[in-house]
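Step one of this worksheet: look at the structure below.
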Amino acid sequence: MYHIDTSIDAILQQVHQLKIREGESAMLLFGEASQVDIPQLIERLTQEGISFFGGLFPGIIHGTQNHNAGYLLQKLQLAHPPIVVKNIDKDVIELPDIPTRTDAKNTVLTFVDGLTANISGYLQQLYHHFGDSANFLGGGAGSLSLVQQACVFTAEGFFQDAAIVCLLDLHVSLGVRHGWKQLAGPIVATRTSKNTIYELNWTNAFEVYRETVEADAGQQFTDENFFDIAKGYPFGIFKEIGEDIVRDPIAVGKNGELICVGEVPENTVLYILKGENQTLIHSAGQATASCLDKAANDIQHIFVVDCISRTLFLEDEFNQELQAIHRLLPNSQTENRLQGVLSLGEISSDGDGFLEFFNKTLVVGALY
């Protein structure tokens, strides 16, 4: 449910109404413009012995509307209390003891600091732990300002460079689409480091990128407009089957290196992609249809993880993307059951493949 009053007393009142019992947890997802004292909220909820977890995101989704302030509050059944994985920016990541279910397919909900380094390394560790026994759903928390700060929390505290892992006592079906199309390539990322591309085809990365993008956009990059132009021209990591995995260039360094949301492995084959509004909006319907085709009839929640840069690209037409999702939902799925986050990166296994970290992509999950 969406709430606008982010005073601590008001939040506690709403949490109390959920009547959180053993095996349940309160999920609290805040838009980054919310005026909320997260450390105080953690202290109060912990004092009352309430299980909870959450994060601060560029925006939140409720029904066919998106908001940068207020919060979503939802009660979820968990198979294990929320777990924090700290220091995921390090080359060596140590996962805490995370249980796995043997009686059914695991459903793992994970929220990660979307501006930390080595997210792919964290997800690889998570996948190696669960293997094919789990479906994964989640996204990157943080601020649209791209200034890194604490953004995920549990009773253990408020963290940056960290992730939350929740093993749900629910099943999930997933749909993943983005709708971006190949414009130029293939291009080889000949020198990279984590989320930074230094060379493309053995040439300065920005020079290669600029040549293609400026010619197609009819605009020239300046010191002030990189993100405004680049939001329409992401990279795609080539996949033989299905859509390319998008990587979003968000800044150019002083030596012409391109800084992305998410890692780009060295020697990866890339394409420069281009988007059109109607193609992106149509992909939302495709993701939803794919998700619902695999779901059971007793859906409890529809949870959407939608990249914040899709809102920046679609602008006034972004609500059409949410409407494309909503119109395909069964009549029993009220607006209160369609909720989600505008994220800095999207996380999903798509139900039948390796766990991936996406950019500029839409993930629709049906929890049942």
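Labeling convention for the structure tokens: chains A, B, ... as they appear, residues from 1 per chain, ligands from 1 in order of appearance.
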Quiz item: Neighbours of Lys194 of chain A within 8 Å (only C-alpha atoms; same-chain residues fewer than 2 positions away dropped), as a ChimeraX atom specification?
Solution: /A:117-118,192,196,262-265
Exercise. For segment 160-168 of chain A, list every protein, DNA or RNA residue within 9 Å, evaluated using only C-alpha atoms, and leave out those in the same chain fewer than 6 positions away; present the list as a PyMOL selection string.
Key: chain A and resi 53-54+76-90+98-101+106-117+122+140+142+148-154
Quiz item: Per DSSP on the backbone, what are the strand (DSSP E) residues of segment 31-82 of chain A, as a PyMOL selection string?
Solution: chain A and resi 31+52-57+59-62+65-67+71-77
Emit the selected residues as a PDB file, in the first residue's frame, including N, CA and C atoms.
```
ATOM      1  N   GLY A  31      10.551   6.522  -1.644  1.00  0.00           N
ATOM      2  CA  GLY A  31      11.058   7.385  -2.688  1.00  0.00           C
ATOM      3  C   GLY A  31      12.104   8.317  -2.107  1.00  0.00           C
ATOM      4  N   PHE A  52      11.577  -6.319   9.704  1.00  0.00           N
ATOM      5  CA  PHE A  52      11.407  -5.366   8.603  1.00  0.00           C
ATOM      6  C   PHE A  52      12.662  -5.312   7.751  1.00  0.00           C
ATOM      7  N   PHE A  53      12.507  -4.779   6.555  1.00  0.00           N
ATOM      8  CA  PHE A  53      13.631  -4.484   5.674  1.00  0.00           C
ATOM      9  C   PHE A  53      13.149  -3.467   4.655  1.00  0.00           C
ATOM     10  N   GLY A  54      14.093  -2.837   3.955  1.00  0.00           N
ATOM     11  CA  GLY A  54      13.662  -1.870   2.958  1.00  0.00           C
ATOM     12  C   GLY A  54      14.805  -1.138   2.309  1.00  0.00           C
ATOM     13  N   GLY A  55      14.437  -0.068   1.594  1.00  0.00           N
ATOM     14  CA  GLY A  55      15.439   0.703   0.880  1.00  0.00           C
ATOM     15  C   GLY A  55      14.899   2.045   0.432  1.00  0.00           C
ATOM     16  N   LEU A  56      15.820   2.866  -0.038  1.00  0.00           N
ATOM     17  CA  LEU A  56      15.532   4.199  -0.553  1.00  0.00           C
ATOM     18  C   LEU A  56      15.817   4.177  -2.047  1.00  0.00           C
ATOM     19  N   PHE A  57      14.815   4.522  -2.870  1.00  0.00           N
ATOM     20  CA  PHE A  57      14.905   4.377  -4.316  1.00  0.00           C
ATOM     21  C   PHE A  57      14.634   5.703  -5.024  1.00  0.00           C
ATOM     22  N   GLY A  59      12.428   6.274  -7.089  1.00  0.00           N
ATOM     23  CA  GLY A  59      10.982   6.436  -7.116  1.00  0.00           C
ATOM     24  C   GLY A  59      10.298   5.140  -6.772  1.00  0.00           C
ATOM     25  N   ILE A  60       8.998   5.221  -6.536  1.00  0.00           N
ATOM     26  CA  ILE A  60       8.202   4.041  -6.254  1.00  0.00           C
ATOM     27  C   ILE A  60       6.973   4.042  -7.159  1.00  0.00           C
ATOM     28  N   ILE A  61       6.404   2.856  -7.355  1.00  0.00           N
ATOM     29  CA  ILE A  61       5.273   2.666  -8.257  1.00  0.00           C
ATOM     30  C   ILE A  61       4.100   2.143  -7.457  1.00  0.00           C
ATOM     31  N   HIS A  62       2.944   2.750  -7.677  1.00  0.00           N
ATOM     32  CA  HIS A  62       1.702   2.243  -7.079  1.00  0.00           C
ATOM     33  C   HIS A  62       0.594   2.392  -8.108  1.00  0.00           C
ATOM     34  N   GLN A  65       0.692   4.954 -11.259  1.00  0.00           N
ATOM     35  CA  GLN A  65       1.377   6.208 -10.932  1.00  0.00           C
ATOM     36  C   GLN A  65       2.752   5.922 -10.345  1.00  0.00           C
ATOM     37  N   ASN A  66       3.686   6.842 -10.574  1.00  0.00           N
ATOM     38  CA  ASN A  66       4.984   6.766  -9.921  1.00  0.00           C
ATOM     39  C   ASN A  66       5.203   8.021  -9.086  1.00  0.00           C
ATOM     40  N   HIS A  67       5.958   7.872  -8.003  1.00  0.00           N
ATOM     41  CA  HIS A  67       6.161   8.940  -7.036  1.00  0.00           C
ATOM     42  C   HIS A  67       7.628   8.950  -6.610  1.00  0.00           C
ATOM     43  N   TYR A  71       6.021   6.216   0.523  1.00  0.00           N
ATOM     44  CA  TYR A  71       6.594   4.880   0.648  1.00  0.00           C
ATOM     45  C   TYR A  71       5.546   3.803   0.395  1.00  0.00           C
ATOM     46  N   LEU A  72       6.040   2.637   0.013  1.00  0.00           N
ATOM     47  CA  LEU A  72       5.231   1.436  -0.096  1.00  0.00           C
ATOM     48  C   LEU A  72       5.445   0.596   1.150  1.00  0.00           C
ATOM     49  N   LEU A  73       4.373   0.056   1.676  1.00  0.00           N
ATOM     50  CA  LEU A  73       4.434  -0.819   2.839  1.00  0.00           C
ATOM     51  C   LEU A  73       3.701  -2.106   2.501  1.00  0.00           C
ATOM     52  N   GLN A  74       4.372  -3.222   2.663  1.00  0.00           N
ATOM     53  CA  GLN A  74       3.774  -4.498   2.331  1.00  0.00           C
ATOM     54  C   GLN A  74       4.210  -5.564   3.335  1.00  0.00           C
ATOM     55  N   LYS A  75       3.303  -6.405   3.741  1.00  0.00           N
ATOM     56  CA  LYS A  75       3.631  -7.554   4.583  1.00  0.00           C
ATOM     57  C   LYS A  75       3.929  -8.747   3.694  1.00  0.00           C
ATOM     58  N   LEU A  76       5.080  -9.388   3.943  1.00  0.00           N
ATOM     59  CA  LEU A  76       5.479 -10.544   3.154  1.00  0.00           C
ATOM     60  C   LEU A  76       5.776 -11.729   4.063  1.00  0.00           C
ATOM     61  N   GLN A  77       5.472 -12.927   3.567  1.00  0.00           N
ATOM     62  CA  GLN A  77       5.839 -14.144   4.285  1.00  0.00           C
ATOM     63  C   GLN A  77       7.276 -14.506   3.918  1.00  0.00           C
TER      64      GLN A  77
END
```
Self-check item: All residues 10 Å or closer to Asp216 of chain A, only C-alpha atoms, same chain fewer than 5 positions away omitted, as a PyMOL selection string
Solution: chain A and resi 183+210-211+233+274
Just-selected residues, C-alpha atoms written as a short mmCIF file (atom, residue, chain, number, x, y, z; two decimals), in the first residue's frame:
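Saved result, part.cif, follows:
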```
data_model
loop_
_atom_site.label_atom_id
_atom_site.label_comp_id
_atom_site.auth_asym_id
_atom_site.auth_seq_id
_atom_site.Cartn_x
_atom_site.Cartn_y
_atom_site.Cartn_z
CA LEU A 183 21.90 0.74 -33.70
CA ARG A 210 30.53 9.81 -29.55
CA GLU A 211 31.03 9.19 -33.25
CA TYR A 233 21.80 5.35 -26.39
CA LYS A 274 18.55 3.07 -29.45
#
```
Quiz item: Mind pulling up the distance from atom CA of Ile259 of chain A to atom CA of Glu214 of chain A?
Solution: 18.2 Å
